[in-house]
2 protein chains.
Amino acid sequence: MKKNIKLTIEYDGTNYSGWQRQKHSITIQQKLEEAISSITGEYCEVIGSSRTDAGVHARGFVGNFITKSNVPPAKFKYAINSKLPKDIVIRSSEEVPLEFHSRFDSKGKKYIYTVLNREEPPTIQRNYVYHFSKKLDVNSMRQGSKFFIGAHEFDSFYKKSGSTVKSTLRTIYYCDVEAENDLIQFTVIGSGFLYNMVRIMVGTLIEVGIGKIEPRDIEKILLAKNREKAGKSLPPQGLCLHEVLY
Amino acid sequence: MKKNIKLTIEYDGTNYSGWQRQKHSITIQQKLEEAISSITGEYCEVIGSSRTDAGVHARGFVGNFITKSNVPPAKFKYAINSKLPKDIVIRSSEEVPLEFHSRFDSKGKKYIYTVLNREEPPTIQRNYVYHFSKKLDVNSMRQGSKFFIGAHEFDSFYKKSGSTVKSTLRTIYYCDVEAENDLIQFTVIGSGFLYNMVRIMVGTLIEVGIGKIEPRDIEKILLAKNREKAGKSLPPQGLCLHEVLY
């Protein structure tokens, strides 16, 4: 009897070339598939909810795999964790209908991007934040973030890659910027995200935060549908996939 | 003209054998003294406010050094940071009176110990938390923590080491336990701390958290002045020196 197992996965992406299997570098998908195969004795492919880039982290990545193994679904978590390196952990495992597909069935995702806004570079947080030394105006950034909410064509906010995109229309349900001491967190929940989209959104809000552009310019940049109008793409280590919605 | 320079230092202790110089292993004091010497051209000894153990972190460690260099005191921060590895950073540098001694003049210290209380081991936080999988009763731990407040002889809460201690009397000004999601933070401010004292205090509160002992047993354990009555010393990576008071 085939079963479909849904996994919720947390990982520190520092030492990986992202989620997706690659020929010449180590990825999270590879480590996970090796761990599962060593338990089930079958070839295993884990379908991932998205492709996180090298250095990006996850607290609630979702994947699923089909197996004939008779390991009880909720026990897979323990079995797989015993085989994984210490920077990847399964938070939960459960059986789902055979037709469940972690990517196609996803209704949205929640990302958080963290900026350390102080003069000195980070030590303890160095793999988990983007360091920006010039003082940022968090209120302006928050105002700017609100222009992302709604359905927009995000041509200005994504990096064209090898694969073609049918549509650049994405819906942002929630977007906010909050500061606690010198940490600024950008939280976004949306129907889906284009390549580098979150990192460019925050890169553009940084320009708002230093007063280079106005909060309402975000709207103009969206309408321009021109990548050159937006800010730069920030580095991966500040980004974390917090949750995938179904 | 000799000057006394006070430094506030942040570091990720993961890759070091603690603060204090040692013959056969790499320490934070050594890295810092090497960085300063390369700037001033003098032999440099940095006096530290305390000796943090291997794996312990700091956000506000304080040190001071005497120099004849004419680098402006506030500029030392930038000069030293340009020579330090990425897991050590100077947060501030300032001139203080020649008689200032970062250890003898310290009036107190603030430590935070962080416990990750969930079933699965940590990934992203693995070098910065102690993982405890059994559910802890945070309210009981908080009640227990209050018995530490005040002046006590901490014989039950320290590890005897090579150096002898004149007195085990220490005053705890503030002690609390707070939870946010699955992270439990133990915060303590005291006049001074004996070897392994914070780690044994939290180790004993863990026994309160699992119901092995009652919150008020903390008082009895203090009065017993017997190391065997207290809980075990928790591992170093959950501990962070947040501030040194003067």
# chains A, B, ... in the order shown; residues from 1 in each chain; ligands from 1

call {"tool": "closest_atom_pairs", "arguments": {"of": "chain B", "to": "chain A", "cutoff": "10 Å", "atoms": "only C-alpha atoms", "output": "JSON lines"}}
result
{"residue": "B:Glu10", "atom": "CA", "partner": "A:Thr123", "partner_atom": "CA", "distance": 7.0}
{"residue": "B:Tyr11", "atom": "CA", "partner": "A:Thr123", "partner_atom": "CA", "distance": 5.7}
{"residue": "B:Asp12", "atom": "CA", "partner": "A:Ile124", "partner_atom": "CA", "distance": 4.8}
{"residue": "B:Gly13", "atom": "CA", "partner": "A:Ile124", "partner_atom": "CA", "distance": 8.4}
{"residue": "B:Thr14", "atom": "CA", "partner": "A:Ile124", "partner_atom": "CA", "distance": 9.1}
{"residue": "B:His57", "atom": "CA", "partner": "A:Ile124", "partner_atom": "CA", "distance": 7.9}
{"residue": "B:Ala58", "atom": "CA", "partner": "A:Ile124", "partner_atom": "CA", "distance": 8.7}
{"residue": "B:Arg59", "atom": "CA", "partner": "A:Ile124", "partner_atom": "CA", "distance": 8.5}
{"residue": "B:Lys77", "atom": "CA", "partner": "A:Glu120", "partner_atom": "CA", "distance": 9.0}
{"residue": "B:Tyr78", "atom": "CA", "partner": "A:Glu120", "partner_atom": "CA", "distance": 8.6}
{"residue": "B:Asn81", "atom": "CA", "partner": "A:Glu120", "partner_atom": "CA", "distance": 8.3}
{"residue": "B:Pro85", "atom": "CA", "partner": "A:Thr123", "partner_atom": "CA", "distance": 9.2}
{"residue": "B:Lys86", "atom": "CA", "partner": "A:Thr123", "partner_atom": "CA", "distance": 6.1}
{"residue": "B:Asp87", "atom": "CA", "partner": "A:Thr123", "partner_atom": "CA", "distance": 4.5}
{"residue": "B:Ile88", "atom": "CA", "partner": "A:Thr123", "partner_atom": "CA", "distance": 5.9}
{"residue": "B:Val89", "atom": "CA", "partner": "A:Thr123", "partner_atom": "CA", "distance": 6.7}
{"residue": "B:Ile90", "atom": "CA", "partner": "A:Glu120", "partner_atom": "CA", "distance": 7.5}
{"residue": "B:Arg91", "atom": "CA", "partner": "A:Glu120", "partner_atom": "CA", "distance": 6.4}
{"residue": "B:Ser92", "atom": "CA", "partner": "A:Glu120", "partner_atom": "CA", "distance": 9.1}
{"residue": "B:Arg118", "atom": "CA", "partner": "A:Arg91", "partner_atom": "CA", "distance": 9.6}
{"residue": "B:Glu119", "atom": "CA", "partner": "A:Arg91", "partner_atom": "CA", "distance": 8.4}
{"residue": "B:Glu120", "atom": "CA", "partner": "A:Arg91", "partner_atom": "CA", "distance": 6.4}
{"residue": "B:Pro121", "atom": "CA", "partner": "A:Val89", "partner_atom": "CA", "distance": 7.2}
{"residue": "B:Pro122", "atom": "CA", "partner": "A:Val89", "partner_atom": "CA", "distance": 7.5}
{"residue": "B:Thr123", "atom": "CA", "partner": "A:Asp87", "partner_atom": "CA", "distance": 4.5}
{"residue": "B:Ile124", "atom": "CA", "partner": "A:Asp12", "partner_atom": "CA", "distance": 4.8}
{"residue": "B:Gln125", "atom": "CA", "partner": "A:Asp12", "partner_atom": "CA", "distance": 8.5}
{"residue": "B:Arg126", "atom": "CA", "partner": "A:Asp87", "partner_atom": "CA", "distance": 7.9}
{"residue": "B:Asn127", "atom": "CA", "partner": "A:Ile124", "partner_atom": "CA", "distance": 9.2}
{"residue": "B:Tyr128", "atom": "CA", "partner": "A:Ile124", "partner_atom": "CA", "distance": 8.4}

call {"tool": "select_by_dssp", "arguments": {"residues": "segment 34-241 of chain B", "states": "strand (DSSP E or B)", "output": "JSON, numbers by chain"}}
result
{"B": [47, 48, 57, 58, 59, 60, 61, 62, 63, 64, 65, 66, 67, 88, 89, 90, 91, 92, 93, 94, 95, 96, 108, 109, 110, 111, 112, 113, 114, 115, 116, 130, 131, 150, 151, 152, 153, 169, 170, 171, 172, 173, 174, 175, 176, 177, 178, 179, 180, 183, 184, 185, 186, 187, 188, 189, 190, 239, 240, 241]}

call {"tool": "residues_around", "arguments": {"residues": "Lys166 of chain A", "least_positions_apart": "2", "cutoff": "12 Å", "atoms": "only C-alpha atoms", "output": "PyMOL selection string"}}
result
chain A and resi 153+155+163-164+168-170+194

call {"tool": "write_last_selection", "arguments": {"atoms": "all heavy atoms", "output": "PDB file, in the first residue's frame"}}
result
ATOM      1  N   GLU A 153       1.405  42.590 -10.431  1.00  0.00           N
ATOM      2  CA  GLU A 153       2.379  41.926 -11.287  1.00  0.00           C
ATOM      3  C   GLU A 153       3.755  42.364 -10.808  1.00  0.00           C
ATOM      4  O   GLU A 153       4.072  43.559 -10.813  1.00  0.00           O
ATOM      5  CB  GLU A 153       2.125  42.293 -12.753  1.00  0.00           C
ATOM      6  CG  GLU A 153       0.834  41.636 -13.248  1.00  0.00           C
ATOM      7  CD  GLU A 153       0.459  42.036 -14.656  1.00  0.00           C
ATOM      8  OE1 GLU A 153       0.355  43.261 -14.915  1.00  0.00           O
ATOM      9  OE2 GLU A 153       0.248  41.138 -15.485  1.00  0.00           O
ATOM     10  N   ASP A 155       6.852  42.195 -11.834  1.00  0.00           N
ATOM     11  CA  ASP A 155       7.983  42.238 -12.781  1.00  0.00           C
ATOM     12  C   ASP A 155       9.171  43.031 -12.239  1.00  0.00           C
ATOM     13  O   ASP A 155      10.325  42.704 -12.525  1.00  0.00           O
ATOM     14  CB  ASP A 155       7.530  42.867 -14.100  1.00  0.00           C
ATOM     15  CG  ASP A 155       6.453  42.048 -14.765  1.00  0.00           C
ATOM     16  OD1 ASP A 155       5.314  42.056 -14.244  1.00  0.00           O
ATOM     17  OD2 ASP A 155       6.731  41.377 -15.758  1.00  0.00           O
ATOM     18  N   SER A 163      14.247  29.305 -15.968  1.00  0.00           N
ATOM     19  CA  SER A 163      12.865  28.886 -16.204  1.00  0.00           C
ATOM     20  C   SER A 163      11.962  30.090 -16.475  1.00  0.00           C
ATOM     21  O   SER A 163      12.085  31.124 -15.840  1.00  0.00           O
ATOM     22  CB  SER A 163      12.348  28.101 -15.000  1.00  0.00           C
ATOM     23  OG  SER A 163      12.511  28.873 -13.832  1.00  0.00           O
ATOM     24  N   THR A 164      11.070  29.961 -17.435  1.00  0.00           N
ATOM     25  CA  THR A 164      10.155  31.058 -17.743  1.00  0.00           C
ATOM     26  C   THR A 164       8.953  31.000 -16.799  1.00  0.00           C
ATOM     27  O   THR A 164       8.549  29.939 -16.324  1.00  0.00           O
ATOM     28  CB  THR A 164       9.661  30.981 -19.202  1.00  0.00           C
ATOM     29  OG1 THR A 164       9.219  29.654 -19.452  1.00  0.00           O
ATOM     30  CG2 THR A 164      10.757  31.363 -20.175  1.00  0.00           C
ATOM     31  N   THR A 168       3.435  36.922 -13.738  1.00  0.00           N
ATOM     32  CA  THR A 168       4.129  37.547 -12.605  1.00  0.00           C
ATOM     33  C   THR A 168       3.123  38.055 -11.564  1.00  0.00           C
ATOM     34  O   THR A 168       3.495  38.761 -10.634  1.00  0.00           O
ATOM     35  CB  THR A 168       4.990  38.742 -13.079  1.00  0.00           C
ATOM     36  OG1 THR A 168       4.123  39.699 -13.694  1.00  0.00           O
ATOM     37  CG2 THR A 168       6.054  38.283 -14.069  1.00  0.00           C
ATOM     38  N   LEU A 169       1.861  37.668 -11.746  1.00  0.00           N
ATOM     39  CA  LEU A 169       0.817  38.097 -10.815  1.00  0.00           C
ATOM     40  C   LEU A 169       0.900  37.295  -9.518  1.00  0.00           C
ATOM     41  O   LEU A 169       0.834  36.070  -9.537  1.00  0.00           O
ATOM     42  CB  LEU A 169      -0.566  37.905 -11.457  1.00  0.00           C
ATOM     43  CG  LEU A 169      -1.757  38.447 -10.652  1.00  0.00           C
ATOM     44  CD1 LEU A 169      -1.759  39.965 -10.628  1.00  0.00           C
ATOM     45  CD2 LEU A 169      -3.074  37.902 -11.203  1.00  0.00           C
ATOM     46  N   ARG A 170       1.076  38.006  -8.436  1.00  0.00           N
ATOM     47  CA  ARG A 170       1.093  37.367  -7.116  1.00  0.00           C
ATOM     48  C   ARG A 170       0.283  38.236  -6.174  1.00  0.00           C
ATOM     49  O   ARG A 170       0.220  39.462  -6.330  1.00  0.00           O
ATOM     50  CB  ARG A 170       2.531  37.246  -6.583  1.00  0.00           C
ATOM     51  CG  ARG A 170       3.458  36.349  -7.413  1.00  0.00           C
ATOM     52  CD  ARG A 170       3.075  34.887  -7.339  1.00  0.00           C
ATOM     53  NE  ARG A 170       4.005  34.001  -8.042  1.00  0.00           N
ATOM     54  CZ  ARG A 170       3.977  33.753  -9.351  1.00  0.00           C
ATOM     55  NH1 ARG A 170       3.087  34.339 -10.138  1.00  0.00           N
ATOM     56  NH2 ARG A 170       4.841  32.912  -9.885  1.00  0.00           N
ATOM     57  N   LEU A 194       8.066  34.962  -6.641  1.00  0.00           N
ATOM     58  CA  LEU A 194       8.952  34.779  -7.788  1.00  0.00           C
ATOM     59  C   LEU A 194      10.400  34.693  -7.299  1.00  0.00           C
ATOM     60  O   LEU A 194      10.697  34.972  -6.134  1.00  0.00           O
ATOM     61  CB  LEU A 194       8.787  35.956  -8.758  1.00  0.00           C
ATOM     62  CG  LEU A 194       7.375  36.091  -9.339  1.00  0.00           C
ATOM     63  CD1 LEU A 194       7.142  37.510  -9.864  1.00  0.00           C
ATOM     64  CD2 LEU A 194       7.155  35.070 -10.455  1.00  0.00           C
TER      65      LEU A 194
END

call {"tool": "residues_around", "arguments": {"residues": "segment 24-35 of chain A", "least_positions_apart": "3", "cutoff": "8 Å", "atoms": "only C-alpha atoms", "output": "number ranges by chain"}}
result
A: 13, 16-21, 38-39, 44-46, 48, 80, 83-85, 88

call {"tool": "write_last_selection", "arguments": {"atoms": "C-alpha atoms", "output": "PDB file, in the first residue's frame"}}
result
ATOM      1  CA  GLY A  13      20.719  26.705   5.195  1.00  0.00           C
ATOM      2  CA  TYR A  16      23.865  23.997   1.773  1.00  0.00           C
ATOM      3  CA  SER A  17      23.420  25.009  -1.850  1.00  0.00           C
ATOM      4  CA  GLY A  18      19.717  25.469  -1.234  1.00  0.00           C
ATOM      5  CA  TRP A  19      16.867  22.968  -1.277  1.00  0.00           C
ATOM      6  CA  GLN A  20      16.984  21.495  -4.762  1.00  0.00           C
ATOM      7  CA  ARG A  21      19.202  18.554  -5.739  1.00  0.00           C
ATOM      8  CA  SER A  38      18.204   4.554   4.286  1.00  0.00           C
ATOM      9  CA  ILE A  39      15.051   3.917   6.344  1.00  0.00           C
ATOM     10  CA  CYS A  44      12.934   8.333  -2.522  1.00  0.00           C
ATOM     11  CA  GLU A  45      12.064  11.651  -4.084  1.00  0.00           C
ATOM     12  CA  VAL A  46      10.869  14.403  -1.790  1.00  0.00           C
ATOM     13  CA  GLY A  48       9.418  20.389  -1.988  1.00  0.00           C
ATOM     14  CA  ILE A  80      14.428  10.413   9.721  1.00  0.00           C
ATOM     15  CA  LYS A  83      19.673   9.932  10.099  1.00  0.00           C
ATOM     16  CA  LEU A  84      19.870  13.684   9.418  1.00  0.00           C
ATOM     17  CA  PRO A  85      22.817  16.045   9.999  1.00  0.00           C
ATOM     18  CA  ILE A  88      18.213  19.718   9.343  1.00  0.00           C
TER      19      ILE A  88
END

call {"tool": "residues_around", "arguments": {"residues": "Leu222 of chain A", "least_positions_apart": "2", "cutoff": "8 Å", "atoms": "only C-alpha atoms", "output": "ChimeraX atom specification"}}
result
/A:152-157,218-220,224-226

call {"tool": "select_by_dssp", "arguments": {"residues": "segment 89-226 of chain A", "states": "alpha helix (DSSP H)", "output": "short mmCIF file (atom, residue, chain, number, x, y, z; two decimals) with all heavy atoms, in the first residue's frame"}}
result
data_model
loop_
_atom_site.label_atom_id
_atom_site.label_comp_id
_atom_site.auth_asym_id
_atom_site.auth_seq_id
_atom_site.Cartn_x
_atom_site.Cartn_y
_atom_site.Cartn_z
N VAL A 138 12.41 52.97 10.38
CA VAL A 138 11.51 51.80 10.36
C VAL A 138 10.08 52.20 10.02
O VAL A 138 9.37 51.48 9.33
CB VAL A 138 11.58 51.04 11.70
CG1 VAL A 138 10.60 49.87 11.72
CG2 VAL A 138 12.99 50.54 11.96
N ASN A 139 9.65 53.37 10.49
CA ASN A 139 8.28 53.81 10.20
C ASN A 139 8.05 53.99 8.70
O ASN A 139 7.02 53.58 8.18
CB ASN A 139 7.97 55.13 10.92
CG ASN A 139 7.34 54.85 12.26
OD1 ASN A 139 6.67 53.83 12.43
ND2 ASN A 139 7.56 55.74 13.21
N SER A 140 9.02 54.61 8.03
CA SER A 140 8.89 54.76 6.58
C SER A 140 8.86 53.41 5.88
O SER A 140 8.09 53.19 4.95
CB SER A 140 10.07 55.57 6.02
OG SER A 140 10.05 56.87 6.53
N MET A 141 9.71 52.50 6.35
CA MET A 141 9.75 51.17 5.75
C MET A 141 8.41 50.46 5.93
O MET A 141 7.91 49.79 5.03
CB MET A 141 10.88 50.33 6.35
CG MET A 141 12.28 50.86 6.01
SD MET A 141 13.60 50.00 6.90
CE MET A 141 13.62 48.41 6.07
N ARG A 142 7.84 50.62 7.13
CA ARG A 142 6.54 49.99 7.38
C ARG A 142 5.48 50.57 6.44
O ARG A 142 4.69 49.84 5.84
CB ARG A 142 6.11 50.17 8.84
CG ARG A 142 4.75 49.51 9.13
CD ARG A 142 4.28 49.70 10.55
NE ARG A 142 5.18 49.07 11.49
CZ ARG A 142 5.79 49.68 12.48
NH1 ARG A 142 5.59 50.97 12.70
NH2 ARG A 142 6.62 49.03 13.27
N GLN A 143 5.49 51.90 6.32
CA GLN A 143 4.53 52.54 5.39
C GLN A 143 4.72 52.01 3.97
O GLN A 143 3.75 51.67 3.28
CB GLN A 143 4.72 54.05 5.38
CG GLN A 143 4.20 54.77 6.61
CD GLN A 143 4.62 56.25 6.61
OE1 GLN A 143 4.56 56.92 5.58
NE2 GLN A 143 5.04 56.74 7.75
N GLY A 144 5.96 51.94 3.55
CA GLY A 144 6.25 51.44 2.21
C GLY A 144 5.78 50.01 2.02
O GLY A 144 5.25 49.64 0.96
N SER A 145 5.94 49.19 3.05
CA SER A 145 5.59 47.75 2.93
C SER A 145 4.12 47.55 2.62
O SER A 145 3.74 46.56 2.00
CB SER A 145 5.98 47.01 4.22
OG SER A 145 5.08 47.30 5.28
N MET A 197 12.21 37.35 -5.11
CA MET A 197 11.21 38.40 -4.89
C MET A 197 11.27 39.02 -3.50
O MET A 197 11.29 40.26 -3.37
CB MET A 197 9.81 37.83 -5.18
CG MET A 197 8.68 38.81 -5.02
SD MET A 197 7.15 38.08 -5.74
CE MET A 197 5.93 38.70 -4.60
N VAL A 198 11.32 38.20 -2.46
CA VAL A 198 11.34 38.76 -1.10
C VAL A 198 12.61 39.59 -0.91
O VAL A 198 12.58 40.70 -0.37
CB VAL A 198 11.27 37.65 -0.03
CG1 VAL A 198 11.31 38.26 1.37
CG2 VAL A 198 9.99 36.82 -0.20
N ARG A 199 13.73 39.07 -1.38
CA ARG A 199 15.01 39.76 -1.18
C ARG A 199 15.05 41.10 -1.92
O ARG A 199 15.69 42.05 -1.44
CB ARG A 199 16.15 38.84 -1.61
CG ARG A 199 16.32 37.68 -0.62
CD ARG A 199 16.98 36.45 -1.22
NE ARG A 199 18.31 36.73 -1.69
CZ ARG A 199 19.10 35.82 -2.26
NH1 ARG A 199 18.67 34.58 -2.44
NH2 ARG A 199 20.30 36.16 -2.66
N ILE A 200 14.37 41.20 -3.04
CA ILE A 200 14.31 42.49 -3.76
C ILE A 200 13.30 43.42 -3.09
O ILE A 200 13.52 44.64 -3.01
CB ILE A 200 13.97 42.28 -5.25
CG1 ILE A 200 15.05 41.42 -5.92
CG2 ILE A 200 13.86 43.64 -5.98
CD1 ILE A 200 14.69 40.92 -7.33
N MET A 201 12.19 42.86 -2.58
CA MET A 201 11.22 43.69 -1.85
C MET A 201 11.91 44.38 -0.66
O MET A 201 11.78 45.59 -0.46
CB MET A 201 10.05 42.84 -1.36
CG MET A 201 9.12 42.35 -2.46
SD MET A 201 7.99 41.03 -1.91
CE MET A 201 6.73 41.98 -1.05
N VAL A 202 12.67 43.62 0.10
CA VAL A 202 13.34 44.21 1.27
C VAL A 202 14.45 45.16 0.83
O VAL A 202 14.64 46.22 1.42
CB VAL A 202 13.91 43.12 2.22
CG1 VAL A 202 14.31 43.76 3.55
CG2 VAL A 202 12.89 42.03 2.48
N GLY A 203 15.16 44.79 -0.22
CA GLY A 203 16.20 45.66 -0.75
C GLY A 203 15.64 47.02 -1.15
O GLY A 203 16.30 48.06 -1.00
N THR A 204 14.40 47.04 -1.64
CA THR A 204 13.76 48.29 -2.03
C THR A 204 13.28 49.06 -0.80
O THR A 204 13.39 50.29 -0.74
CB THR A 204 12.60 47.99 -3.00
OG1 THR A 204 13.09 47.13 -4.04
CG2 THR A 204 12.05 49.28 -3.62
N LEU A 205 12.80 48.33 0.20
CA LEU A 205 12.40 49.00 1.45
C LEU A 205 13.61 49.61 2.18
O LEU A 205 13.47 50.61 2.89
CB LEU A 205 11.66 48.04 2.37
CG LEU A 205 10.26 47.65 1.90
CD1 LEU A 205 9.65 46.62 2.85
CD2 LEU A 205 9.35 48.89 1.81
N ILE A 206 14.78 49.04 1.99
CA ILE A 206 16.01 49.64 2.55
C ILE A 206 16.19 51.04 1.94
O ILE A 206 16.54 52.00 2.65
CB ILE A 206 17.25 48.76 2.23
CG1 ILE A 206 17.19 47.42 2.97
CG2 ILE A 206 18.55 49.53 2.50
CD1 ILE A 206 17.67 47.42 4.39
N GLU A 207 15.91 51.18 0.65
CA GLU A 207 16.03 52.50 0.01
C GLU A 207 15.02 53.49 0.59
O GLU A 207 15.28 54.69 0.68
CB GLU A 207 15.86 52.37 -1.51
CG GLU A 207 16.93 51.47 -2.12
CD GLU A 207 17.07 51.63 -3.63
OE1 GLU A 207 16.15 52.18 -4.27
OE2 GLU A 207 18.11 51.20 -4.15
N VAL A 208 13.85 52.96 1.00
CA VAL A 208 12.88 53.80 1.71
C VAL A 208 13.45 54.18 3.08
O VAL A 208 13.39 55.33 3.50
CB VAL A 208 11.53 53.06 1.87
CG1 VAL A 208 10.56 53.89 2.72
CG2 VAL A 208 10.91 52.74 0.51
N GLY A 209 14.05 53.21 3.73
CA GLY A 209 14.56 53.41 5.10
C GLY A 209 15.70 54.42 5.20
O GLY A 209 15.90 55.02 6.25
N ASP A 217 6.60 55.45 -3.32
CA ASP A 217 7.30 55.07 -4.55
C ASP A 217 7.21 53.57 -4.81
O ASP A 217 7.39 53.13 -5.94
CB ASP A 217 8.77 55.51 -4.49
CG ASP A 217 8.94 57.02 -4.62
OD1 ASP A 217 8.03 57.66 -5.19
OD2 ASP A 217 9.95 57.55 -4.12
N ILE A 218 6.96 52.80 -3.75
CA ILE A 218 6.80 51.34 -3.93
C ILE A 218 5.69 51.08 -4.96
O ILE A 218 5.83 50.22 -5.85
CB ILE A 218 6.46 50.65 -2.59
CG1 ILE A 218 7.61 50.81 -1.58
CG2 ILE A 218 6.09 49.17 -2.80
CD1 ILE A 218 8.88 50.07 -1.93
N GLU A 219 4.61 51.83 -4.85
CA GLU A 219 3.48 51.67 -5.79
C GLU A 219 3.94 51.95 -7.23
O GLU A 219 3.62 51.20 -8.15
CB GLU A 219 2.35 52.61 -5.39
CG GLU A 219 1.05 52.31 -6.11
CD GLU A 219 -0.10 53.18 -5.58
OE1 GLU A 219 0.17 54.24 -4.96
OE2 GLU A 219 -1.26 52.79 -5.79
N LYS A 220 4.69 53.04 -7.39
CA LYS A 220 5.17 53.41 -8.73
C LYS A 220 6.10 52.34 -9.30
O LYS A 220 6.06 52.03 -10.50
CB LYS A 220 5.94 54.74 -8.67
CG LYS A 220 5.08 55.93 -8.30
CD LYS A 220 5.92 57.21 -8.21
CE LYS A 220 5.19 58.31 -7.46
NZ LYS A 220 6.10 59.39 -7.03
N ILE A 221 6.93 51.79 -8.42
CA ILE A 221 7.88 50.76 -8.89
C ILE A 221 7.13 49.51 -9.33
O ILE A 221 7.46 48.89 -10.34
CB ILE A 221 8.94 50.46 -7.80
CG1 ILE A 221 9.76 51.72 -7.50
CG2 ILE A 221 9.85 49.32 -8.22
CD1 ILE A 221 10.64 51.63 -6.26
N LEU A 222 6.10 49.16 -8.57
CA LEU A 222 5.26 48.01 -8.97
C LEU A 222 4.67 48.25 -10.35
O LEU A 222 4.71 47.38 -11.23
CB LEU A 222 4.12 47.80 -7.96
CG LEU A 222 4.46 47.05 -6.67
CD1 LEU A 222 3.39 47.28 -5.62
CD2 LEU A 222 4.63 45.56 -6.94
N LEU A 223 4.12 49.44 -10.55
CA LEU A 223 3.44 49.76 -11.82
C LEU A 223 4.42 49.84 -12.99
O LEU A 223 4.06 49.56 -14.14
CB LEU A 223 2.67 51.08 -11.68
CG LEU A 223 1.46 51.02 -10.76
CD1 LEU A 223 0.90 52.42 -10.49
CD2 LEU A 223 0.37 50.09 -11.31
N ALA A 224 5.68 50.19 -12.70
CA ALA A 224 6.69 50.32 -13.76
C ALA A 224 7.02 48.98 -14.41
O ALA A 224 7.45 48.92 -15.56
CB ALA A 224 7.96 50.95 -13.19
#

call {"tool": "atom_distance", "arguments": {"atom1": "atom CA of Leu241 of chain A", "atom2": "atom CA of Val165 of chain A"}}
result
21.1 Å

call {"tool": "residues_around", "arguments": {"residues": "Val96 of chain A", "least_positions_apart": "4", "cutoff": "10 Å", "atoms": "only C-alpha atoms", "output": "ChimeraX atom specification"}}
result
/A:3-7,64,73,100-101

call {"tool": "write_last_selection", "arguments": {"atoms": "all heavy atoms", "output": "short mmCIF file (atom, residue, chain, number, x, y, z; two decimals), in the first residue's frame"}}
result
data_model
loop_
_atom_site.label_atom_id
_atom_site.label_comp_id
_atom_site.auth_asym_id
_atom_site.auth_seq_id
_atom_site.Cartn_x
_atom_site.Cartn_y
_atom_site.Cartn_z
N LYS A 3 1.72 5.09 0.51
CA LYS A 3 1.28 6.18 1.38
C LYS A 3 1.99 7.47 0.95
O LYS A 3 3.11 7.42 0.45
CB LYS A 3 1.68 5.91 2.83
CG LYS A 3 0.83 4.90 3.55
CD LYS A 3 1.38 4.77 4.98
CE LYS A 3 1.00 3.43 5.56
NZ LYS A 3 1.89 3.06 6.66
N ASN A 4 1.32 8.58 1.20
CA ASN A 4 1.92 9.89 0.93
C ASN A 4 2.22 10.53 2.28
O ASN A 4 1.32 10.73 3.10
CB ASN A 4 0.93 10.74 0.11
CG ASN A 4 1.57 12.00 -0.45
OD1 ASN A 4 2.75 12.25 -0.25
ND2 ASN A 4 0.76 12.79 -1.15
N ILE A 5 3.47 10.84 2.54
CA ILE A 5 3.87 11.39 3.85
C ILE A 5 4.26 12.86 3.69
O ILE A 5 5.10 13.20 2.86
CB ILE A 5 5.07 10.61 4.44
CG1 ILE A 5 4.78 9.10 4.48
CG2 ILE A 5 5.45 11.14 5.82
CD1 ILE A 5 3.67 8.68 5.44
N LYS A 6 3.61 13.69 4.48
CA LYS A 6 3.91 15.13 4.49
C LYS A 6 4.88 15.43 5.64
O LYS A 6 4.63 15.03 6.78
CB LYS A 6 2.61 15.92 4.68
CG LYS A 6 2.78 17.43 4.75
CD LYS A 6 1.45 18.10 5.10
CE LYS A 6 1.64 19.60 5.33
NZ LYS A 6 0.44 20.21 5.98
N LEU A 7 5.95 16.14 5.33
CA LEU A 7 6.95 16.49 6.34
C LEU A 7 7.01 18.00 6.52
O LEU A 7 6.96 18.75 5.53
CB LEU A 7 8.35 16.04 5.89
CG LEU A 7 8.56 14.56 5.60
CD1 LEU A 7 9.95 14.35 5.00
CD2 LEU A 7 8.39 13.73 6.87
N ASN A 64 6.82 16.37 0.61
CA ASN A 64 6.07 15.10 0.72
C ASN A 64 6.75 14.04 -0.12
O ASN A 64 7.44 14.35 -1.10
CB ASN A 64 4.61 15.28 0.33
CG ASN A 64 4.41 15.54 -1.15
OD1 ASN A 64 4.75 16.61 -1.63
ND2 ASN A 64 3.87 14.56 -1.88
N PRO A 73 3.19 6.64 9.96
CA PRO A 73 3.48 8.01 9.47
C PRO A 73 4.05 8.96 10.52
O PRO A 73 5.03 9.67 10.25
CB PRO A 73 2.13 8.48 8.95
CG PRO A 73 1.47 7.22 8.48
CD PRO A 73 1.89 6.16 9.46
N PHE A 100 -2.04 14.64 -2.60
CA PHE A 100 -1.42 15.86 -2.05
C PHE A 100 -0.04 16.11 -2.66
O PHE A 100 0.80 15.21 -2.73
CB PHE A 100 -1.28 15.76 -0.52
CG PHE A 100 -0.53 16.91 0.11
CD1 PHE A 100 -1.19 18.09 0.43
CD2 PHE A 100 0.85 16.83 0.36
CE1 PHE A 100 -0.49 19.16 1.00
CE2 PHE A 100 1.55 17.89 0.92
CZ PHE A 100 0.87 19.06 1.24
N HIS A 101 0.19 17.36 -3.09
CA HIS A 101 1.46 17.75 -3.71
C HIS A 101 1.92 19.02 -3.01
O HIS A 101 1.25 20.05 -3.08
CB HIS A 101 1.25 17.99 -5.21
CG HIS A 101 2.51 18.23 -5.98
ND1 HIS A 101 3.23 19.39 -5.88
CD2 HIS A 101 3.18 17.45 -6.88
CE1 HIS A 101 4.28 19.33 -6.69
NE2 HIS A 101 4.28 18.15 -7.30
#

call {"tool": "atom_distance", "arguments": {"atom1": "atom CA of Ile66 of chain B", "atom2": "atom CA of Phe104 of chain B"}}
result
15.5 Å
